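Enquirer: Input structure: my_file18.txt, which contains compact mmCIF, C-alpha atoms.
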```
# COMPACT_ATOMS: atom_id res chain seq x y z
CA MET T 281 -42.84 -36.98 187.76
CA ALA T 282 -44.72 -38.68 184.99
CA ARG T 283 -47.38 -36.59 183.26
CA ILE T 284 -50.22 -37.10 180.83
CA ILE T 285 -49.66 -35.08 177.66
CA GLY T 286 -52.69 -36.19 175.67
CA GLY T 287 -55.49 -38.63 175.02
CA ILE T 288 -56.53 -40.65 172.00
CA GLY T 289 -59.88 -42.25 171.22
CA THR T 290 -59.78 -44.91 168.53
CA SER T 291 -61.83 -47.72 167.07
CA HIS T 292 -60.25 -51.17 167.20
CA VAL T 293 -62.07 -52.89 164.34
CA PRO T 294 -60.15 -56.10 163.51
CA THR T 295 -60.41 -55.50 159.74
CA ILE T 296 -58.27 -52.36 160.21
CA GLY T 297 -55.46 -54.72 161.18
CA VAL T 298 -56.18 -57.03 158.24
CA ALA T 299 -56.28 -54.10 155.76
CA TYR T 300 -53.04 -52.74 157.26
CA ASP T 301 -51.24 -56.08 156.96
CA LYS T 302 -52.44 -56.49 153.35
CA GLY T 303 -51.21 -52.99 152.45
CA LYS T 304 -54.63 -51.54 151.56
CA GLN T 305 -53.72 -48.05 152.85
CA GLY T 306 -54.08 -46.53 149.40
CA GLU T 307 -57.27 -48.26 148.27
CA PRO T 308 -60.19 -45.83 147.77
CA GLY T 309 -62.38 -47.65 150.29
CA TRP T 310 -59.68 -47.61 152.97
CA ALA T 311 -57.73 -44.37 152.35
CA PRO T 312 -60.15 -42.12 154.32
CA LEU T 313 -59.60 -44.37 157.35
CA PHE T 314 -55.81 -44.53 157.17
CA GLU T 315 -55.43 -40.84 156.29
CA GLY T 316 -57.45 -40.05 159.40
CA TYR T 317 -54.67 -41.51 161.56
CA THR T 318 -51.83 -39.58 159.88
CA PRO T 319 -52.17 -36.38 161.98
CA VAL T 320 -52.27 -38.42 165.19
CA ALA T 321 -49.18 -40.40 164.17
CA ALA T 322 -47.44 -37.10 163.31
CA TRP T 323 -48.34 -35.63 166.71
CA LEU T 324 -46.98 -38.74 168.45
CA ALA T 325 -43.77 -38.56 166.39
CA GLU T 326 -43.35 -34.93 167.46
CA GLN T 327 -44.32 -35.30 171.13
CA LYS T 328 -42.48 -38.62 171.58
CA PRO T 329 -44.42 -40.05 174.53
CA ASP T 330 -42.55 -42.75 176.44
CA VAL T 331 -45.66 -44.76 177.22
CA MET T 332 -49.21 -45.18 175.98
CA VAL T 333 -51.70 -46.52 178.53
CA PHE T 334 -54.37 -48.47 176.64
CA PHE T 335 -57.88 -48.92 178.00
CA TYR T 336 -58.94 -51.73 175.69
CA ASN T 337 -60.94 -54.92 175.77
CA ASP T 338 -59.96 -58.50 175.26
CA HIS T 339 -62.31 -60.27 172.84
CA ALA T 340 -62.36 -63.60 174.65
CA THR T 341 -58.89 -64.29 173.29
CA THR T 342 -56.52 -64.05 176.24
CA PHE T 343 -59.29 -64.52 178.79
CA PHE T 344 -62.26 -66.88 178.55
CA PHE T 345 -65.65 -66.55 180.23
CA ASP T 346 -64.80 -69.09 182.94
CA LEU T 347 -62.54 -66.42 184.49
CA TYR T 348 -63.25 -63.10 182.89
CA PRO T 349 -61.81 -60.10 184.74
CA THR T 350 -63.72 -56.83 185.02
CA PHE T 351 -60.44 -54.89 184.97
CA ALA T 352 -57.06 -56.51 184.27
CA LEU T 353 -53.73 -54.69 184.05
CA GLY T 354 -50.87 -56.13 182.01
CA ILE T 355 -47.56 -56.31 183.88
CA GLY T 356 -44.33 -56.86 182.03
CA GLU T 357 -41.64 -55.74 179.61
CA ARG T 358 -43.09 -57.42 176.56
CA PHE T 359 -46.44 -58.69 175.24
CA GLU T 360 -46.98 -60.98 172.27
CA ILE T 361 -49.73 -60.13 169.78
CA ALA T 362 -52.42 -62.81 169.89
CA ASP T 363 -53.37 -65.31 167.19
CA GLU T 364 -57.16 -64.94 167.03
CA GLY T 365 -57.80 -67.78 164.63
CA ALA T 366 -56.19 -66.47 161.46
CA GLY T 367 -52.53 -66.84 162.46
CA LYS T 368 -49.85 -64.43 163.71
CA ARG T 369 -49.62 -60.85 162.44
CA PRO T 370 -46.33 -59.51 160.99
CA LEU T 371 -45.68 -57.13 163.90
CA PRO T 372 -42.98 -57.11 166.59
CA PRO T 373 -44.10 -57.97 170.13
CA LEU T 374 -45.34 -54.97 172.11
CA LYS T 375 -42.99 -53.36 174.60
CA GLY T 376 -44.22 -52.95 178.16
CA HIS T 377 -42.97 -50.66 180.94
CA LEU T 378 -42.42 -52.91 183.93
CA ASP T 379 -41.85 -50.27 186.62
CA LEU T 380 -44.74 -48.06 185.56
CA SER T 381 -47.14 -51.00 185.23
CA ILE T 382 -46.26 -52.25 188.72
CA HIS T 383 -46.60 -48.74 190.13
CA ILE T 384 -50.02 -48.37 188.47
CA ALA T 385 -51.18 -51.71 189.93
CA GLU T 386 -50.05 -50.66 193.42
CA SER T 387 -51.58 -47.22 193.12
CA LEU T 388 -54.93 -48.46 191.76
CA VAL T 389 -55.33 -51.16 194.41
CA ASN T 390 -54.34 -48.79 197.23
CA ASP T 391 -56.88 -46.38 195.73
CA GLU T 392 -59.53 -49.15 196.14
CA PHE T 393 -59.62 -50.19 192.47
CA ASP T 394 -59.08 -53.92 193.03
CA ILE T 395 -57.97 -54.84 189.54
CA ALA T 396 -56.67 -58.20 188.39
CA THR T 397 -53.18 -58.31 186.92
CA PHE T 398 -51.84 -60.53 184.13
CA GLN T 399 -48.36 -61.41 182.94
CA ASP T 400 -46.87 -63.14 179.93
CA LYS T 401 -50.14 -63.21 178.00
CA PRO T 402 -50.85 -62.06 174.45
CA ILE T 403 -52.81 -58.93 173.55
CA ASP T 404 -55.52 -59.06 170.88
CA HIS T 405 -56.91 -56.60 168.34
CA GLY T 406 -58.52 -54.49 171.07
CA CYS T 407 -55.10 -52.86 171.31
CA ALA T 408 -53.17 -54.23 168.33
CA SER T 409 -55.58 -53.16 165.57
CA PRO T 410 -55.04 -49.37 165.86
CA LEU T 411 -51.49 -49.39 167.32
CA PRO T 412 -49.49 -49.73 164.05
CA LEU T 413 -51.47 -46.79 162.61
CA LEU T 414 -50.31 -44.66 165.53
CA TRP T 415 -46.69 -45.74 165.98
CA PRO T 416 -44.09 -46.91 163.46
CA HIS T 417 -42.76 -50.37 164.31
CA ASP T 418 -39.89 -51.09 161.94
CA PRO T 419 -37.65 -52.41 163.38
CA ASP T 420 -39.31 -51.87 166.77
CA TRP T 421 -41.92 -49.75 168.57
CA PRO T 422 -40.73 -46.30 169.67
CA GLY T 423 -42.25 -46.61 173.14
CA ALA T 424 -43.94 -48.88 175.63
CA ILE T 425 -47.57 -49.62 176.38
CA VAL T 426 -49.37 -50.39 179.61
CA PRO T 427 -52.54 -52.36 178.74
CA LEU T 428 -55.63 -52.30 180.92
CA ALA T 429 -58.37 -54.68 179.77
CA ILE T 430 -61.99 -53.86 180.60
CA ASN T 431 -64.84 -56.36 180.45
CA VAL T 432 -67.32 -55.14 177.85
CA LEU T 433 -68.39 -58.65 176.77
CA GLN T 434 -70.01 -60.55 179.62
CA TYR T 435 -72.63 -58.70 181.68
CA PRO T 436 -72.48 -57.38 184.34
CA LEU T 437 -70.05 -54.87 182.83
CA PRO T 438 -68.53 -52.07 184.89
CA THR T 439 -70.78 -49.01 184.70
CA ALA T 440 -69.93 -45.99 182.58
CA ARG T 441 -69.29 -44.05 185.79
CA ARG T 442 -66.96 -46.74 187.12
CA CYS T 443 -64.89 -46.55 183.93
CA TYR T 444 -64.64 -42.77 184.24
CA ARG T 445 -63.50 -43.15 187.85
CA LEU T 446 -60.96 -45.75 186.78
CA GLY T 447 -59.53 -43.11 184.47
CA GLN T 448 -59.37 -40.61 187.33
CA ALA T 449 -57.55 -43.20 189.47
CA MET T 450 -55.21 -43.88 186.54
CA LYS T 451 -54.35 -40.18 186.41
CA ARG T 452 -53.44 -40.24 190.12
CA ALA T 453 -51.37 -43.36 189.50
CA ILE T 454 -49.45 -41.92 186.55
CA GLU T 455 -48.85 -38.55 188.18
CA SER T 456 -47.42 -40.18 191.31
CA PHE T 457 -44.77 -42.13 189.34
CA PRO T 458 -41.41 -40.52 190.21
CA GLU T 459 -39.72 -40.89 186.82
CA ASP T 460 -40.09 -38.11 184.21
CA LEU T 461 -42.22 -39.86 181.63
CA LYS T 462 -44.53 -38.50 178.98
CA VAL T 463 -47.70 -40.56 178.89
CA VAL T 464 -50.62 -40.68 176.46
CA VAL T 465 -53.88 -42.37 177.49
CA VAL T 466 -55.87 -44.24 174.88
CA GLY T 467 -59.48 -45.42 174.94
CA THR T 468 -60.43 -47.92 172.25
CA GLY T 469 -63.63 -49.24 170.70
CA GLY T 470 -66.78 -47.98 168.96
CA LEU T 471 -68.32 -45.95 167.75
CA SER T 472 -71.81 -47.14 166.77
CA HIS T 473 -72.04 -50.76 165.64
CA GLN T 474 -73.85 -54.01 166.31
CA ILE T 475 -72.42 -57.28 165.10
CA HIS T 476 -74.77 -59.94 166.40
CA GLY T 477 -78.41 -60.89 165.90
CA GLU T 478 -80.91 -59.60 163.36
CA ARG T 479 -80.01 -56.02 164.38
CA ALA T 480 -76.42 -56.52 163.10
CA GLY T 481 -75.34 -53.59 160.96
CA PHE T 482 -77.08 -50.96 163.10
CA ASN T 483 -75.44 -47.49 163.12
CA ASN T 484 -76.42 -44.06 164.37
CA GLU T 485 -74.25 -41.20 163.14
CA ALA T 486 -76.28 -38.51 164.94
CA TRP T 487 -75.64 -40.24 168.25
CA ASP T 488 -71.96 -40.76 167.43
CA ARG T 489 -71.55 -37.01 166.83
CA GLU T 490 -73.37 -36.24 170.08
CA PHE T 491 -71.18 -38.72 171.97
CA LEU T 492 -68.00 -37.05 170.65
CA ASP T 493 -69.31 -33.65 171.69
CA LEU T 494 -70.36 -34.80 175.16
CA LEU T 495 -67.08 -36.60 175.70
CA VAL T 496 -65.26 -33.27 175.45
CA ASN T 497 -67.81 -30.91 176.94
CA ASP T 498 -70.00 -32.87 179.35
CA PRO T 499 -68.54 -36.30 180.14
CA GLU T 500 -70.53 -36.38 183.39
CA ARG T 501 -73.67 -36.84 181.33
CA LEU T 502 -72.18 -39.87 179.59
CA THR T 503 -71.32 -41.39 182.98
CA ARG T 504 -74.99 -41.23 184.02
CA MET T 505 -76.10 -43.38 181.08
CA LYS T 506 -76.90 -47.06 181.53
CA HIS T 507 -75.50 -49.82 179.33
CA ALA T 508 -79.01 -50.21 177.91
CA ASP T 509 -78.89 -46.59 176.73
CA TYR T 510 -75.62 -47.16 174.87
CA VAL T 511 -76.99 -50.37 173.32
CA ARG T 512 -80.20 -48.70 172.13
CA LEU T 513 -78.48 -45.60 170.79
CA GLY T 514 -75.36 -47.05 169.23
CA GLY T 515 -75.90 -50.80 168.84
CA ALA T 516 -75.08 -53.64 171.21
CA GLU T 517 -71.31 -53.67 170.82
CA SER T 518 -71.02 -49.87 171.00
CA VAL T 519 -71.32 -50.27 174.76
CA GLU T 520 -67.53 -50.61 174.61
CA GLN T 521 -67.43 -46.81 174.32
CA ILE T 522 -67.38 -46.81 178.12
CA MET T 523 -63.64 -47.41 177.60
CA TRP T 524 -63.40 -43.93 176.05
CA LEU T 525 -64.76 -42.65 179.36
CA ALA T 526 -61.79 -44.21 181.17
CA MET T 527 -59.49 -42.24 178.84
CA ARG T 528 -61.56 -39.09 179.46
CA GLY T 529 -61.40 -39.61 183.23
CA ALA T 530 -57.60 -39.69 183.00
CA LEU T 531 -57.73 -36.31 181.24
CA GLU T 532 -60.09 -34.93 183.93
CA GLY T 533 -60.94 -31.26 183.43
CA PRO T 534 -61.10 -29.18 180.26
CA ILE T 535 -59.59 -30.64 177.10
CA ARG T 536 -59.16 -29.47 173.53
CA THR T 537 -59.75 -31.55 170.41
CA LEU T 538 -56.67 -31.49 168.19
CA HIS T 539 -57.98 -33.95 165.60
CA GLU T 540 -61.08 -35.96 164.79
CA ASN T 541 -61.76 -38.36 161.92
CA TYR T 542 -65.06 -40.20 161.49
CA TYR T 543 -65.49 -42.85 158.81
CA LEU T 544 -68.58 -45.02 158.70
CA ALA T 545 -67.94 -47.39 155.81
CA THR T 546 -69.48 -50.80 156.42
CA THR T 547 -70.55 -51.81 159.92
CA THR T 548 -68.56 -49.78 162.48
CA ALA T 549 -68.25 -46.01 162.68
CA MET T 550 -64.44 -46.02 162.62
CA THR T 551 -63.23 -42.99 164.52
CA VAL T 552 -59.98 -41.54 165.78
CA THR T 553 -59.64 -38.46 167.97
CA LEU T 554 -56.76 -36.66 169.65
CA TYR T 555 -57.14 -34.51 172.76
CA GLU T 556 -54.86 -32.26 174.74
CA PRO T 557 -55.51 -31.40 178.39
CA LEU T 558 -55.93 -27.66 179.02
CA PRO T 559 -54.56 -25.92 182.11
CA ALA T 560 -57.02 -26.17 184.99
CA THR T 561 -57.31 -22.37 185.12
CA VAL T 562 -59.04 -22.31 181.73
CA SER T 563 -62.78 -22.69 182.32
CA ALA T 564 -64.87 -25.05 180.23
CA PRO T 565 -66.63 -22.33 178.16
CA VAL T 566 -63.28 -20.74 177.31
CA ALA T 567 -61.95 -24.16 176.41
CA GLU T 568 -64.84 -24.41 173.99
CA LEU T 569 -63.96 -21.04 172.40
CA VAL T 570 -60.38 -22.01 171.66
CA ARG T 571 -61.35 -25.21 169.84
CA MET G 163 -82.43 -58.44 187.00
CA ASN G 164 -79.51 -56.17 186.15
CA PRO G 165 -80.86 -52.58 186.11
CA GLN G 166 -78.12 -51.61 183.64
CA THR G 167 -79.66 -53.83 180.95
CA GLU G 168 -83.32 -53.43 181.84
CA GLY G 169 -85.59 -53.43 178.81
CA LEU G 170 -83.05 -54.89 176.40
CA GLU G 171 -84.93 -58.20 176.34
CA ASP G 172 -87.49 -56.37 174.18
CA LEU G 173 -84.96 -54.79 171.82
CA PHE G 174 -85.20 -56.19 168.29
CA GLY G 175 -82.55 -58.71 167.22
CA THR G 176 -80.35 -58.21 170.29
CA TYR G 177 -79.27 -60.93 172.74
CA VAL G 178 -77.63 -59.78 175.96
CA PHE G 179 -74.71 -62.03 176.86
CA ASP G 180 -74.96 -62.19 180.64
CA LEU G 181 -73.82 -64.70 183.24
CA ARG G 182 -77.02 -66.75 182.95
CA THR G 183 -76.47 -67.22 179.20
CA SER G 184 -72.75 -67.69 179.67
CA TYR G 185 -73.28 -70.41 182.30
CA ARG G 186 -75.80 -72.25 180.12
CA ALA G 187 -73.65 -72.14 176.98
CA LEU G 188 -70.19 -72.43 178.55
CA LYS G 189 -69.21 -75.65 176.74
CA LEU G 190 -70.32 -74.31 173.37
CA ASN G 191 -68.46 -71.04 173.89
CA ARG G 192 -65.35 -72.88 175.10
CA PHE G 193 -65.45 -75.02 171.96
CA LEU G 194 -65.74 -71.90 169.74
CA TRP G 195 -62.99 -70.16 171.73
CA SER G 196 -60.66 -73.15 171.29
CA MET G 197 -60.45 -72.32 167.56
CA ILE G 198 -57.73 -69.75 168.30
CA GLY G 199 -55.41 -72.75 168.72
CA GLY G 200 -53.92 -74.46 165.67
CA THR G 201 -54.33 -77.93 167.18
CA ALA G 202 -58.06 -77.46 167.84
CA ARG G 203 -58.56 -76.10 164.32
CA GLU G 204 -56.83 -79.14 162.84
CA ARG G 205 -58.83 -81.53 165.01
CA PHE G 206 -62.10 -79.95 163.92
CA LEU G 207 -61.19 -79.93 160.24
CA THR G 208 -60.09 -83.57 160.39
CA ASP G 209 -63.16 -84.90 162.22
CA GLU G 210 -65.94 -82.48 163.11
CA GLU G 211 -68.03 -85.03 164.95
CA ALA G 212 -65.20 -86.27 167.15
CA ALA G 213 -64.21 -82.69 168.00
CA MET G 214 -67.77 -81.80 168.99
CA ASP G 215 -68.13 -85.03 171.02
CA SER G 216 -64.98 -84.41 173.02
CA ALA G 217 -66.15 -80.86 173.77
CA GLY G 218 -69.24 -82.32 175.47
CA LEU G 219 -71.72 -80.41 173.32
CA SER G 220 -75.44 -81.11 173.42
CA GLU G 221 -77.30 -82.54 170.41
CA THR G 222 -78.90 -79.13 169.82
CA GLU G 223 -75.51 -77.42 169.79
CA LYS G 224 -74.03 -80.00 167.45
CA ALA G 225 -76.94 -79.59 165.04
CA LEU G 226 -76.55 -75.80 165.05
CA LEU G 227 -72.83 -76.12 164.32
CA ARG G 228 -73.33 -78.74 161.58
CA ALA G 229 -75.86 -76.45 159.91
CA ARG G 230 -73.56 -73.40 160.35
CA ASP G 231 -76.70 -71.76 161.71
CA TRP G 232 -75.06 -68.47 162.75
CA LEU G 233 -78.20 -66.76 164.01
CA GLY G 234 -79.38 -69.93 165.76
CA LEU G 235 -76.03 -70.20 167.54
CA VAL G 236 -76.31 -66.60 168.79
CA GLN G 237 -79.89 -67.19 169.92
CA HIS G 238 -78.75 -70.34 171.71
CA GLY G 239 -76.11 -68.38 173.66
CA ALA G 240 -72.95 -68.26 171.54
CA ASN G 241 -71.01 -65.06 172.14
CA PHE G 242 -70.19 -63.37 168.85
CA PHE G 243 -66.54 -62.81 169.76
CA VAL G 244 -65.87 -66.53 170.01
CA LEU G 245 -68.27 -67.32 167.18
CA GLU G 246 -66.09 -65.23 164.86
CA LYS G 247 -63.09 -67.39 165.73
CA PHE G 248 -65.07 -70.42 164.55
CA ALA G 249 -66.15 -68.45 161.46
CA ARG G 250 -62.49 -68.17 160.40
CA VAL G 251 -62.25 -71.97 160.47
CA ALA G 252 -65.58 -72.29 158.62
CA ARG G 253 -64.22 -69.85 156.01
CA LYS G 254 -66.84 -67.16 156.49
CA THR G 255 -66.07 -63.46 156.84
CA ASN G 256 -67.80 -61.38 159.48
CA LEU G 257 -69.62 -59.37 156.79
CA GLU G 258 -71.05 -62.60 155.35
CA ILE G 259 -72.26 -63.60 158.79
CA TYR G 260 -73.88 -60.20 159.42
CA ALA G 261 -75.82 -60.62 156.15
CA ILE G 262 -76.96 -64.12 157.14
CA MET G 263 -78.07 -62.97 160.61
CA ARG G 264 -80.08 -60.14 159.00
CA GLY G 265 -81.72 -62.63 156.63
CA GLU G 266 -80.20 -60.98 153.55
CA THR G 267 -77.99 -62.15 150.72
CA PHE G 268 -74.45 -60.80 150.82
CA GLU G 269 -75.16 -58.48 147.88
CA GLU G 270 -78.33 -57.16 149.49
CA PHE G 271 -76.44 -56.45 152.69
CA LEU G 272 -73.62 -54.63 150.90
CA GLN G 273 -76.17 -52.36 149.23
CA THR G 274 -77.22 -51.14 152.68
CA ARG G 275 -73.63 -50.02 153.44
CA ARG G 276 -72.11 -46.59 152.70
CA VAL G 277 -68.75 -47.84 151.35
CA PRO G 278 -69.19 -51.53 150.45
CA GLU G 279 -65.70 -51.72 148.94
CA CYS G 280 -64.12 -51.03 152.35
CA ARG G 281 -63.47 -54.69 153.19
```
For the file at hand, write its structure as structure tokens.

Expert:
Amino acid sequence: MARIIGGIGTSHVPTIGVAYDKGKQGEPGWAPLFEGYTPVAAWLAEQKPDVMVFFYNDHATTFFFDLYPTFALGIGERFEIADEGAGKRPLPPLKGHLDLSIHIAESLVNDEFDIATFQDKPIDHGCASPLPLLWPHDPDWPGAIVPLAINVLQYPLPTARRCYRLGQAMKRAIESFPEDLKVVVVGTGGLSHQIHGERAGFNNEAWDREFLDLLVNDPERLTRMKHADYVRLGGAESVEQIMWLAMRGALEGPIRTLHENYYLATTTAMTVTLYEPLPATVSAPVAELVR
Amino acid sequence: MNPQTEGLEDLFGTYVFDLRTSYRALKLNRFLWSMIGGTARERFLTDEEAAMDSAGLSETEKALLRARDWLGLVQHGANFFVLEKFARVARKTNLEIYAIMRGETFEEFLQTRRVPECR
């Protein structure tokens, strides 16, 4: 059976991709960001997951507002990386896992999550910005991805609770796949930032720290928050952190933080975290002690 | 009224992009979105007016685009994630646009950032 061996939370700021492509890894302004991904990349190299399931959002690249899906699962063996206005990036196309993606679609829909599916469409920076920092890709990616796009652009958005439940349904889907696969679930976006209007540039580190703590120790509380709460506390575009709740839902139960890096440089609190699920017999307070 | 966004209409400098806004500004947003395609970029750079005409934009929208009025476009209903695709064609970085929307010079804006050289 397939099993979930870990979870990753990561920002997907497009300039991470630009800095990566321009080789700015060693520049003083960028090094704290790139170095923050090294332990996660090392863990992935050691654990060798077969698949990473990405809860990400499309930035009106692949989908436009005339038909904008609330949840859309990518089906296929291969996904191109999108041209978002500045040309193609020097990365190989992403590998998909056809059988697992079809199984997930069937399982989610039969579980009453009536997602849309897409095929043969490119994936934008919502997934492609952090991916090369996590996995080597020369000459090719070491594993496959299953992308699940969540609408965090055009209100009404799915609620925080709905995203958490999507994660729980994803866990049931993955764990009912008959093949022995090691799967990592990834939630992308955030943390605090606002990039439109006169409030552009808003950040809130105290809230970001609280969010990271609640995500591990009391995700239920995060699921009770409204979009307006996220917007007020973390800036308008930080509402995309509901995608981290999908990742957390897939790790349901106690988890342990293996790594956390927080770097607020210009406009987005760029963050990467790595979590490991703990056996269900370990209670939450004990889980806290072993951190 | 969407209870999930209640009260945000009073939040400073924030414009909720909902279906009402999206419906009203669909042509403008489609035009901005089209800039991910090389052909649309070329067409715009060759003849701005013709490109805006064929997109069916209103006079207000055309004036906002001609003026590169970034904040005005957002207030009119442009979604930032398609606006940034147009910004690439107009040769503006996102950081420059954030400064403009805040009513600051680029240097002033950078001084408000923790690590301005991270760009």

Enquirer: When you get a sec, could you note down which chain T residues fall within 6 Å of chain G, using only C-alpha atoms, as a list in words?

Expert: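 Putting it all together, I get Gly309, Trp310, His339, Glu364, Gly365, Gln434, Tyr435, Gly477, Glu478, Arg479, Ala480, Lys506, His507, Ala508, Ala545 and Thr546 of chain T.
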
Enquirer: Tell me, counting all atoms listed in the file, for each residue of stretch 434-538 of chain T within 10 Å of stretch 292-296 of chain T, which pair of atoms is nearest and how far apart they are in Å to one decimal, in rows ordered by chain and increasing number, as JSON lines.

Expert:
```
{"residue": "T:Gly467", "atom": "CA", "partner": "T:His292", "partner_atom": "CA", "distance": 9.7}
{"residue": "T:Thr468", "atom": "CA", "partner": "T:His292", "partner_atom": "CA", "distance": 6.0}
{"residue": "T:Gly469", "atom": "CA", "partner": "T:His292", "partner_atom": "CA", "distance": 5.2}
{"residue": "T:Gly470", "atom": "CA", "partner": "T:His292", "partner_atom": "CA", "distance": 7.5}
{"residue": "T:Leu471", "atom": "CA", "partner": "T:His292", "partner_atom": "CA", "distance": 9.6}
```

Enquirer: Could you please determine the separation between atom CA of T:Pro349 and atom CA of T:Pro427 in Å, to one decimal place?

Expert: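 These two atoms are separated by 13.5 Å.
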
Enquirer: Excluding T:Asn484 and residues on its chain fewer than 3 positions from it, collect all residues at most 10 Å away from it, counting only C-alpha atoms, and give them as a ChimeraX atom specification.

Expert: /T:471-473,487-489,512-515,544,548-549

Enquirer: Calculated over only C-alpha atoms, which of the candidates T:Asp420, T:Glu490, T:Glu455, T:Glu517 has the smallest distance to T:His476?

Expert: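 Closest to T:His476, using only C-alpha atoms: T:Glu517.
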
Enquirer: Tell me, in Å to one decimal, how far atom CA of T:Gly406 is from atom CA of G:Gly239.

Expert: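 Atom CA of T:Gly406 sits 22.6 Å away from atom CA of G:Gly239.
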
Enquirer: Would you mind reading off the distance between atom CA of T:Asp338 and atom CA of T:Thr350, one decimal, in Å?

Expert: 10.6 Å

Enquirer: Any idea what's packed within 8 Å of T:Ala282, counting all atoms listed in the file, ignoring anything in its chain fewer than 6 positions away? Could you give it as a PyMOL selection string?

Expert: chain T and resi 454-463

Enquirer: Measuring between only C-alpha atoms, which one of T:Arg528, T:Lys401, T:Arg501, T:Lys368 shows the shortest distance to T:Leu446?

Expert: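 For T:Leu446, the nearest of the given residues is T:Arg528.
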
Enquirer: Within 12 Å of (-37.3, -50.2, 186.0), in the coordinates the file gives, what residues turn up when you count only C-alpha atoms, written out as a ChimeraX atom specification?

Expert: /T:356-357,376-383,457-459

Enquirer: Produce the centre coordinates and the three edge lengths, each in Å to one decimal, of the box along x, y and z that contains all listed atoms of stretch 528-537 of chain T with 3 Å added on each side, as lines of an AutoDock Vina configuration file.

Expert:
```
center_x = -59.6
center_y = -34.4
center_z = 177.2
size_x = 10.0
size_y = 16.5
size_z = 19.5
```

Enquirer: Can you pull out the residues contacting G:Met214? Cut-off 9 Å, using all atoms listed in the file, and skip same-chain residues under 6 positions away; I want them as a list in words.

Expert: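 So the residues in contact are Phe193, Phe206, Ser220, Glu223, Lys224 and Leu227 of chain G.
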
Enquirer: Near T:Ala424, within 9 Å and counting all atoms listed in the file, which residues show up once chain neighbours fewer than 4 positions away are dropped, as a PDB file with C-alpha atoms, keeping the file's coordinate frame?

Expert:
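Generated file (out-v1.pdb):
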```pdb
ATOM      1  CA  PRO T 329     -44.420 -40.050 174.530  1.00  0.00           C
ATOM      2  CA  ASP T 330     -42.550 -42.750 176.440  1.00  0.00           C
ATOM      3  CA  VAL T 331     -45.660 -44.760 177.220  1.00  0.00           C
ATOM      4  CA  MET T 332     -49.210 -45.180 175.980  1.00  0.00           C
ATOM      5  CA  VAL T 333     -51.700 -46.520 178.530  1.00  0.00           C
ATOM      6  CA  GLU T 357     -41.640 -55.740 179.610  1.00  0.00           C
ATOM      7  CA  ARG T 358     -43.090 -57.420 176.560  1.00  0.00           C
ATOM      8  CA  LEU T 374     -45.340 -54.970 172.110  1.00  0.00           C
ATOM      9  CA  LYS T 375     -42.990 -53.360 174.600  1.00  0.00           C
ATOM     10  CA  GLY T 376     -44.220 -52.950 178.160  1.00  0.00           C
ATOM     11  CA  HIS T 377     -42.970 -50.660 180.940  1.00  0.00           C
TER      12      HIS T 377
END
```
